[in-house]
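**Q** Coordinates in entry.csv, CSV, C-alpha atoms, are listed below.
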```
chain,number,residue,atom,x,y,z
X,1,MET,CA,-18.7,-53.1,11.6
X,2,ALA,CA,-18.8,-50.1,13.9
X,3,ILE,CA,-20.9,-47.4,12.3
X,4,GLU,CA,-20.8,-44.2,14.2
X,5,ALA,CA,-22.9,-41.2,13.7
X,6,THR,CA,-19.8,-39.1,13.7
X,7,GLY,CA,-18.5,-41.1,10.8
X,8,ALA,CA,-21.1,-39.6,8.6
X,9,VAL,CA,-20.3,-36.1,9.8
X,10,ASN,CA,-16.6,-36.8,9.1
X,11,ALA,CA,-17.5,-38.1,5.7
X,12,TYR,CA,-19.6,-35.1,4.9
X,13,ARG,CA,-16.7,-32.8,6.0
X,14,ALA,CA,-14.2,-34.8,3.9
X,15,ALA,CA,-16.5,-34.5,0.9
X,16,ILE,CA,-16.8,-30.8,1.3
X,17,GLU,CA,-13.0,-30.5,1.6
X,18,ARG,CA,-12.5,-32.6,-1.4
X,19,LEU,CA,-15.0,-30.5,-3.4
X,20,GLN,CA,-13.2,-27.3,-2.4
X,21,GLN,CA,-9.9,-28.8,-3.3
X,22,THR,CA,-11.0,-29.8,-6.8
X,23,ALA,CA,-12.7,-26.4,-7.2
X,24,GLY,CA,-9.6,-24.5,-6.1
X,25,ASN,CA,-6.8,-26.2,-7.8
X,26,SER,CA,-7.6,-29.2,-10.0
X,27,GLU,CA,-3.9,-29.9,-10.8
X,28,THR,CA,-3.3,-31.3,-7.3
X,29,GLY,CA,-4.4,-34.7,-8.6
X,30,GLN,CA,-6.4,-37.4,-6.8
X,31,ALA,CA,-7.7,-36.5,-3.4
X,32,LYS,CA,-7.1,-39.0,-0.7
X,33,PRO,CA,-10.2,-41.2,-0.4
X,34,SER,CA,-12.1,-40.6,2.8
X,35,ASP,CA,-12.9,-43.3,5.3
X,36,PHE,CA,-16.6,-43.3,4.3
X,37,SER,CA,-16.0,-43.9,0.6
X,38,THR,CA,-13.4,-46.6,1.3
X,39,MET,CA,-15.8,-48.4,3.7
X,40,VAL,CA,-18.6,-48.3,1.1
X,41,GLN,CA,-16.3,-49.5,-1.6
X,42,ASN,CA,-15.0,-52.4,0.6
X,43,PHE,CA,-18.6,-53.5,1.3
X,44,ALA,CA,-19.6,-53.3,-2.3
X,45,GLU,CA,-16.5,-55.2,-3.4
X,46,GLY,CA,-17.1,-58.0,-0.9
X,47,ALA,CA,-20.8,-58.3,-2.0
X,48,VAL,CA,-19.8,-58.4,-5.6
X,49,GLU,CA,-17.2,-61.2,-4.8
X,50,VAL,CA,-19.7,-63.3,-2.9
X,51,GLY,CA,-22.3,-62.8,-5.7
X,52,LYS,CA,-19.8,-64.0,-8.3
X,53,GLN,CA,-19.1,-67.1,-6.3
X,54,SER,CA,-22.8,-67.9,-6.0
X,55,GLU,CA,-23.1,-67.4,-9.8
X,56,GLN,CA,-20.2,-69.7,-10.5
X,57,ALA,CA,-21.8,-72.4,-8.2
X,58,THR,CA,-25.1,-72.0,-10.0
X,59,ALA,CA,-23.5,-72.3,-13.4
X,60,ALA,CA,-21.6,-75.4,-12.3
X,61,ALA,CA,-24.7,-77.0,-11.0
X,62,ALA,CA,-26.5,-76.3,-14.2
X,63,ALA,CA,-23.7,-78.0,-16.0
X,64,GLY,CA,-24.0,-80.9,-13.7
X,65,LYS,CA,-20.7,-80.4,-11.9
X,66,ALA,CA,-21.9,-79.2,-8.5
X,67,ASP,CA,-24.5,-80.5,-6.1
X,68,ILE,CA,-27.5,-78.5,-5.1
X,69,ASN,CA,-26.2,-78.0,-1.5
X,70,SER,CA,-23.3,-75.9,-2.5
X,71,VAL,CA,-25.5,-73.8,-4.7
X,72,VAL,CA,-27.9,-73.2,-1.8
X,73,VAL,CA,-25.1,-72.3,0.5
X,74,ALA,CA,-23.5,-69.9,-2.0
X,75,VAL,CA,-26.8,-68.2,-2.8
X,76,ALA,CA,-27.7,-67.9,0.9
X,77,GLU,CA,-24.3,-66.4,1.6
X,78,ALA,CA,-24.7,-63.9,-1.3
X,79,GLU,CA,-28.1,-63.0,-0.1
X,80,LEU,CA,-27.1,-62.4,3.4
X,81,THR,CA,-24.0,-60.3,2.4
X,82,LEU,CA,-26.1,-58.2,0.0
X,83,ASN,CA,-28.8,-57.7,2.7
X,84,SER,CA,-26.2,-56.5,5.2
X,85,VAL,CA,-24.6,-54.2,2.6
X,86,VAL,CA,-28.0,-52.7,1.7
X,87,ALA,CA,-28.9,-52.3,5.4
X,88,ILE,CA,-25.7,-50.5,6.2
X,89,ARG,CA,-26.0,-48.3,3.1
X,90,ASP,CA,-29.5,-47.3,4.1
X,91,LYS,CA,-28.5,-46.6,7.6
X,92,VAL,CA,-25.5,-44.4,6.6
X,93,LEU,CA,-27.6,-42.5,4.0
X,94,GLN,CA,-30.3,-42.0,6.5
X,95,ALA,CA,-27.8,-40.4,8.9
X,96,TYR,CA,-26.3,-38.3,6.0
X,97,GLN,CA,-29.8,-37.0,5.0
X,98,GLN,CA,-30.5,-36.1,8.6
X,99,ILE,CA,-27.4,-34.0,8.7
X,100,LEU,CA,-28.3,-32.4,5.4
X,101,ARG,CA,-31.8,-31.5,6.8
X,102,MET,CA,-30.2,-29.9,9.8
X,103,PRO,CA,-31.1,-26.2,10.0
X,104,ILE,CA,-27.9,-24.1,10.0
G,1,MET,CA,-16.2,-63.3,5.5
G,2,ALA,CA,-15.4,-66.0,8.0
G,3,ASP,CA,-18.5,-65.5,10.0
G,4,GLU,CA,-19.4,-68.2,12.5
G,5,LEU,CA,-22.9,-68.4,11.2
G,6,ILE,CA,-21.7,-68.7,7.6
G,7,SER,CA,-19.3,-71.5,8.8
G,8,SER,CA,-22.2,-73.3,10.4
G,9,LEU,CA,-24.1,-73.0,7.0
G,10,ARG,CA,-21.2,-74.7,5.4
G,11,ILE,CA,-21.0,-77.4,8.1
G,12,SER,CA,-24.7,-78.2,7.7
G,13,SER,CA,-24.2,-78.3,3.9
G,14,ALA,CA,-21.4,-80.8,4.2
G,15,GLY,CA,-23.6,-83.0,6.5
G,16,MET,CA,-26.4,-82.8,4.0
G,17,ARG,CA,-24.1,-83.9,1.2
G,18,ALA,CA,-22.8,-86.8,3.3
G,19,GLN,CA,-26.4,-88.0,3.9
G,20,GLY,CA,-27.1,-87.7,0.2
G,21,THR,CA,-24.2,-90.1,-0.5
G,22,ARG,CA,-25.5,-92.4,2.1
G,23,LEU,CA,-29.0,-92.3,0.6
G,24,ARG,CA,-27.5,-93.1,-2.8
G,25,VAL,CA,-25.7,-96.2,-1.4
G,26,ILE,CA,-29.0,-97.3,0.3
G,27,SER,CA,-30.8,-97.0,-3.0
G,28,GLU,CA,-28.2,-99.1,-4.7
G,29,ASN,CA,-28.6,-101.8,-2.0
G,30,ILE,CA,-32.4,-101.8,-2.3
G,31,ALA,CA,-32.3,-101.8,-6.1
G,32,ASN,CA,-29.9,-104.7,-6.1
G,33,ALA,CA,-31.6,-106.7,-3.4
G,34,ASN,CA,-32.5,-109.4,-6.0
G,35,SER,CA,-29.4,-109.3,-8.1
G,36,LEU,CA,-28.5,-112.9,-8.3
G,37,PRO,CA,-25.4,-114.4,-9.9
G,38,THR,CA,-25.7,-115.9,-13.4
G,39,GLU,CA,-23.5,-118.9,-13.0
G,40,PRO,CA,-22.7,-121.3,-10.2
G,41,GLY,CA,-19.9,-120.3,-8.0
G,42,SER,CA,-20.0,-116.6,-8.7
G,43,ASP,CA,-21.1,-114.0,-6.1
G,44,PRO,CA,-24.3,-112.0,-6.1
G,45,TYR,CA,-24.5,-108.3,-5.3
G,46,GLN,CA,-22.7,-107.5,-2.1
G,47,ARG,CA,-24.2,-105.0,0.2
G,48,LYS,CA,-22.4,-101.6,0.5
G,49,MET,CA,-22.1,-99.4,3.5
G,50,VAL,CA,-20.8,-95.9,4.1
G,51,THR,CA,-18.5,-94.7,6.8
G,52,PHE,CA,-18.2,-91.1,7.8
G,53,LYS,CA,-15.2,-89.1,8.8
G,54,ASN,CA,-14.7,-85.6,10.0
G,55,ARG,CA,-12.4,-83.3,8.1
G,56,LEU,CA,-10.8,-80.1,9.3
G,57,ASP,CA,-11.3,-77.2,6.9
G,58,ARG,CA,-8.1,-75.3,7.5
G,59,GLU,CA,-9.1,-72.3,5.6
G,60,LEU,CA,-12.1,-71.6,7.8
G,61,GLY,CA,-11.1,-73.6,10.9
G,62,ILE,CA,-14.2,-75.8,10.9
G,63,GLU,CA,-14.8,-79.5,11.1
G,64,THR,CA,-17.0,-80.8,8.4
G,65,VAL,CA,-18.2,-84.3,7.8
G,66,ARG,CA,-17.6,-86.2,4.7
G,67,VAL,CA,-18.0,-89.8,3.4
G,68,LYS,CA,-14.8,-91.6,4.2
G,69,LYS,CA,-15.4,-94.8,2.3
G,70,VAL,CA,-18.1,-96.8,0.7
G,71,MET,CA,-17.1,-100.4,1.5
G,72,PRO,CA,-18.7,-103.8,1.0
G,73,ASP,CA,-20.5,-105.5,3.8
G,74,ARG,CA,-18.5,-108.7,4.5
G,75,SER,CA,-21.4,-110.6,6.1
G,76,GLU,CA,-22.4,-114.0,4.6
G,77,PHE,CA,-24.6,-114.2,1.5
G,78,ALA,CA,-28.1,-115.6,2.0
G,79,ARG,CA,-28.9,-118.9,0.4
G,80,ARG,CA,-32.1,-119.4,-1.6
G,81,PHE,CA,-33.4,-122.8,-2.7
G,82,ASP,CA,-34.1,-122.6,-6.4
G,83,PRO,CA,-32.9,-125.7,-8.4
G,84,SER,CA,-34.1,-124.3,-11.7
G,85,HIS,CA,-31.9,-121.2,-11.4
G,86,PRO,CA,-28.9,-121.1,-13.8
G,87,ALA,CA,-26.6,-120.2,-10.9
G,88,ALA,CA,-27.9,-123.0,-8.6
G,89,ASP,CA,-25.2,-125.3,-7.1
G,90,ALA,CA,-25.4,-129.1,-6.9
G,91,ASP,CA,-27.8,-129.0,-3.9
G,92,GLY,CA,-30.1,-126.6,-5.7
G,93,TYR,CA,-29.2,-123.5,-3.7
G,94,VAL,CA,-28.4,-120.0,-5.1
G,95,SER,CA,-26.5,-117.5,-3.1
G,96,ALA,CA,-28.5,-114.2,-2.7
G,97,PRO,CA,-27.3,-110.7,-1.8
G,98,ASN,CA,-26.8,-110.0,1.9
G,99,VAL,CA,-29.2,-107.1,1.7
G,100,ASN,CA,-32.0,-107.0,4.2
G,101,VAL,CA,-34.6,-104.5,2.9
G,102,LEU,CA,-35.9,-103.8,6.4
G,103,ILE,CA,-32.4,-102.7,7.5
G,104,GLU,CA,-32.1,-100.6,4.4
G,105,MET,CA,-35.5,-99.0,5.2
G,106,MET,CA,-34.3,-98.2,8.7
G,107,ASP,CA,-31.0,-96.8,7.4
G,108,MET,CA,-32.9,-94.7,4.9
G,109,ARG,CA,-35.2,-93.3,7.6
G,110,GLU,CA,-32.1,-92.4,9.7
G,111,ALA,CA,-30.4,-90.7,6.7
G,112,GLN,CA,-33.6,-88.7,6.1
G,113,ARG,CA,-33.9,-87.6,9.7
G,114,SER,CA,-30.2,-86.6,9.8
G,115,TYR,CA,-30.7,-84.6,6.6
G,116,GLU,CA,-33.6,-82.9,8.1
G,117,ALA,CA,-31.6,-82.1,11.3
G,118,ASN,CA,-28.9,-80.5,9.2
G,119,LEU,CA,-31.5,-78.6,7.2
G,120,THR,CA,-33.0,-77.3,10.4
G,121,ALA,CA,-29.6,-76.2,11.7
G,122,MET,CA,-29.0,-74.4,8.4
G,123,ARG,CA,-32.4,-72.7,8.5
G,124,SER,CA,-31.8,-71.6,12.1
G,125,SER,CA,-28.4,-70.1,11.4
G,126,ARG,CA,-29.7,-68.3,8.3
G,127,SER,CA,-32.7,-66.8,10.2
G,128,MET,CA,-30.3,-65.8,13.0
G,129,MET,CA,-28.2,-63.9,10.6
G,130,GLN,CA,-31.2,-62.3,8.9
G,131,SER,CA,-32.6,-61.1,12.2
G,132,THR,CA,-29.3,-59.6,13.1
G,133,ILE,CA,-29.2,-57.7,9.8
G,134,ARG,CA,-32.8,-56.6,10.3
G,135,LEU,CA,-31.6,-54.9,13.5
G,136,LEU,CA,-30.0,-52.3,11.3
G,137,ARG,CA,-33.3,-51.3,9.7
```
Can you turn what I pasted into structure tokens?

**A**
Amino acid sequence: MAIEATGAVNAYRAAIERLQQTAGNSETGQAKPSDFSTMVQNFAEGAVEVGKQSEQATAAAAAGKADINSVVVAVAEAELTLNSVVAIRDKVLQAYQQILRMPI
Amino acid sequence: MADELISSLRISSAGMRAQGTRLRVISENIANANSLPTEPGSDPYQRKMVTFKNRLDRELGIETVRVKKVMPDRSEFARRFDPSHPAADADGYVSAPNVNVLIEMMDMREAQRSYEANLTAMRSSRSMMQSTIRLLR
């Protein structure tokens, strides 16, 4: 998980380019997703997947099919993954906002 | 996310599960410490014991523990003098389970301590992960 400050700059530039593209000629179709959005999407999808697993474990335990240990592990895993996703998102948004506040 | 710390969470969880099974067997032994036979010649409750085995989780590349087998303790049954009991033999003795409650208590304490050790390992790996994430904030 190498988050570089230049990554946010690149993401910003890519977003501007994409906006210009869609404003200029909308018939070019889907723009290629930038690294930044792909990264965010991957993180979010991973977190959703882990969350689903923990939910399944909880439901199985409620139905009496799983033991409490696996529920605790699944929930802890989901919590840690969500925490890391939120922390990374906050960090990236913070960098992005700092760039936005930059006097030109 | 095949993180090492997540793997250690799973290993500790497997250890806790194995100790849970062990505690169940110990409870069965204690509960049946006085389960005598009902007719002469038949056997009383036979003490059970658990054996552990390590298992390689190929998906994650970790070794977890699991209960291999719950097997009967083959030691001799105790003999109790009770001529009025329906299962008493010609000499007036009844065979009693080979459960020693003191041994079961010791086993129980060991299972408890082992469970706590696994729990501490789990707590420690969880807090290590959380403090690493907190580094981002």

**Q** Find the residues of chain X in contact range of chain G, meaning any atom within 9 Å when counting all atoms listed in the file, and list them as a list in words.

**A** Gly46, Asp67, Ile68, Asn69, Ser70, Val72, Val73, Ala76, Glu77, Leu80, Thr81, Asn83, Ser84, Ala87, Ile88, Asp90 and Lys91 of chain X

**Q** So what do you get for atom CA of X:Phe36 versus atom CA of X:Gln94, distance-wise?

**A** 13.9 Å

**Q** Using all atoms listed in the file - which residues lie no farther than 10 Å from the point (-27.4, -66.6, -4.0) in the file's frame? Write them as JSON, numbers by chain.

**A** {"X": [50, 51, 52, 53, 54, 55, 57, 58, 71, 72, 73, 74, 75, 76, 77, 78, 79, 80, 81, 82]}

**Q** At a cut-off of 7 Å, using all atoms listed in the file, what residues contact G:Ser35? Leave out same-chain residues fewer than 3 positions from it and give the result as a list in words.

**A**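 In the requested format, the answer is Asn32, Pro44, Tyr45 and Pro97 of chain G.
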
**Q** Could you tell me how far atom CA of X:Lys65 sits from atom CA of G:Val65, in Å to one decimal place?

**A**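 Separation of atom CA of G:Val65 and atom CA of X:Lys65: 20.2 Å.
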
**Q** What's the separation between atom CA of G:Val99 and atom CA of G:Lys48, in Å to one decimal place?

**A**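 Spanning atom CA of G:Val99 to atom CA of G:Lys48 is a straight-line distance of 8.8 Å.
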
**Q** Would you list the residues near (-28.8, -108.0, 1.4) (no more than 8 Å away, in the coordinates of the file, using all atoms listed in the file) as a PyMOL selection string?

**A** chain G and resi 29+33+45-47+77-78+96-101

**Q** Between G:Leu36, G:Ala18, G:Ile26, G:Val50, which residue has the minimum interatomic distance to G:His85, considering all atoms listed in the file?

**A**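 Checking each candidate against G:His85, we get G:Leu36 as the closest.
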
**Q** Out of X:Met102, X:Ala44, X:Asp35, X:Val86, which residue has the shortest atom-to-atom distance to X:Arg13 when counting only C-alpha atoms?

**A**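 When distances to X:Arg13 are compared using only C-alpha atoms, the smallest one comes from X:Asp35.
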
**Q** Would you please work out which residue, of G:Ile62, G:Met108, G:Tyr93, G:Arg55, is nearest to G:Glu4 when using all atoms listed in the file?

**A**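 The closest residue to G:Glu4 is G:Ile62.
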
**Q** Could you add N, CA and C atoms to stretch 38-55 of chain G and give me the result as a PDB file, in the frame of the given file?

**A**
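Result file is result19.pdb:
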```pdb
ATOM      1  N   THR G  38     -25.220-115.224 -12.174  1.00  0.00           N
ATOM      2  CA  THR G  38     -25.700-115.900 -13.400  1.00  0.00           C
ATOM      3  C   THR G  38     -25.130-117.243 -13.611  1.00  0.00           C
ATOM      4  N   GLU G  39     -24.065-117.579 -12.881  1.00  0.00           N
ATOM      5  CA  GLU G  39     -23.500-118.900 -13.000  1.00  0.00           C
ATOM      6  C   GLU G  39     -23.083-119.461 -11.695  1.00  0.00           C
ATOM      7  N   PRO G  40     -23.049-120.766 -11.520  1.00  0.00           N
ATOM      8  CA  PRO G  40     -22.700-121.300 -10.200  1.00  0.00           C
ATOM      9  C   PRO G  40     -21.316-120.914  -9.779  1.00  0.00           C
ATOM     10  N   GLY G  41     -21.171-120.649  -8.486  1.00  0.00           N
ATOM     11  CA  GLY G  41     -19.900-120.300  -8.000  1.00  0.00           C
ATOM     12  C   GLY G  41     -19.568-118.817  -7.935  1.00  0.00           C
ATOM     13  N   SER G  42     -20.258-118.006  -8.757  1.00  0.00           N
ATOM     14  CA  SER G  42     -20.000-116.600  -8.700  1.00  0.00           C
ATOM     15  C   SER G  42     -20.846-115.907  -7.645  1.00  0.00           C
ATOM     16  N   ASP G  43     -20.418-114.686  -7.252  1.00  0.00           N
ATOM     17  CA  ASP G  43     -21.100-114.000  -6.100  1.00  0.00           C
ATOM     18  C   ASP G  43     -22.217-113.147  -6.580  1.00  0.00           C
ATOM     19  N   PRO G  44     -23.244-113.016  -5.743  1.00  0.00           N
ATOM     20  CA  PRO G  44     -24.300-112.000  -6.100  1.00  0.00           C
ATOM     21  C   PRO G  44     -23.858-110.645  -5.657  1.00  0.00           C
ATOM     22  N   TYR G  45     -24.786-109.703  -5.733  1.00  0.00           N
ATOM     23  CA  TYR G  45     -24.500-108.300  -5.300  1.00  0.00           C
ATOM     24  C   TYR G  45     -24.132-108.319  -3.840  1.00  0.00           C
ATOM     25  N   GLN G  46     -23.059-107.593  -3.518  1.00  0.00           N
ATOM     26  CA  GLN G  46     -22.700-107.500  -2.100  1.00  0.00           C
ATOM     27  C   GLN G  46     -23.105-106.147  -1.567  1.00  0.00           C
ATOM     28  N   ARG G  47     -23.717-106.188  -0.412  1.00  0.00           N
ATOM     29  CA  ARG G  47     -24.200-105.000   0.200  1.00  0.00           C
ATOM     30  C   ARG G  47     -23.113-103.969   0.442  1.00  0.00           C
ATOM     31  N   LYS G  48     -23.393-102.664   0.234  1.00  0.00           N
ATOM     32  CA  LYS G  48     -22.400-101.600   0.500  1.00  0.00           C
ATOM     33  C   LYS G  48     -22.805-100.811   1.702  1.00  0.00           C
ATOM     34  N   MET G  49     -21.832-100.303   2.422  1.00  0.00           N
ATOM     35  CA  MET G  49     -22.100 -99.400   3.500  1.00  0.00           C
ATOM     36  C   MET G  49     -21.185 -98.228   3.519  1.00  0.00           C
ATOM     37  N   VAL G  50     -21.653 -97.106   4.095  1.00  0.00           N
ATOM     38  CA  VAL G  50     -20.800 -95.900   4.100  1.00  0.00           C
ATOM     39  C   VAL G  50     -20.247 -95.694   5.484  1.00  0.00           C
ATOM     40  N   THR G  51     -19.046 -95.129   5.528  1.00  0.00           N
ATOM     41  CA  THR G  51     -18.500 -94.700   6.800  1.00  0.00           C
ATOM     42  C   THR G  51     -18.205 -93.201   6.687  1.00  0.00           C
ATOM     43  N   PHE G  52     -18.395 -92.526   7.791  1.00  0.00           N
ATOM     44  CA  PHE G  52     -18.200 -91.100   7.800  1.00  0.00           C
ATOM     45  C   PHE G  52     -16.914 -90.725   8.512  1.00  0.00           C
ATOM     46  N   LYS G  53     -16.436 -89.554   8.204  1.00  0.00           N
ATOM     47  CA  LYS G  53     -15.200 -89.100   8.800  1.00  0.00           C
ATOM     48  C   LYS G  53     -15.278 -87.591   8.896  1.00  0.00           C
ATOM     49  N   ASN G  54     -14.664 -87.028   9.946  1.00  0.00           N
ATOM     50  CA  ASN G  54     -14.700 -85.600  10.000  1.00  0.00           C
ATOM     51  C   ASN G  54     -13.398 -85.031   9.392  1.00  0.00           C
ATOM     52  N   ARG G  55     -13.547 -83.901   8.757  1.00  0.00           N
ATOM     53  CA  ARG G  55     -12.400 -83.300   8.100  1.00  0.00           C
ATOM     54  C   ARG G  55     -12.290 -81.857   8.519  1.00  0.00           C
TER      55      ARG G  55
END
```
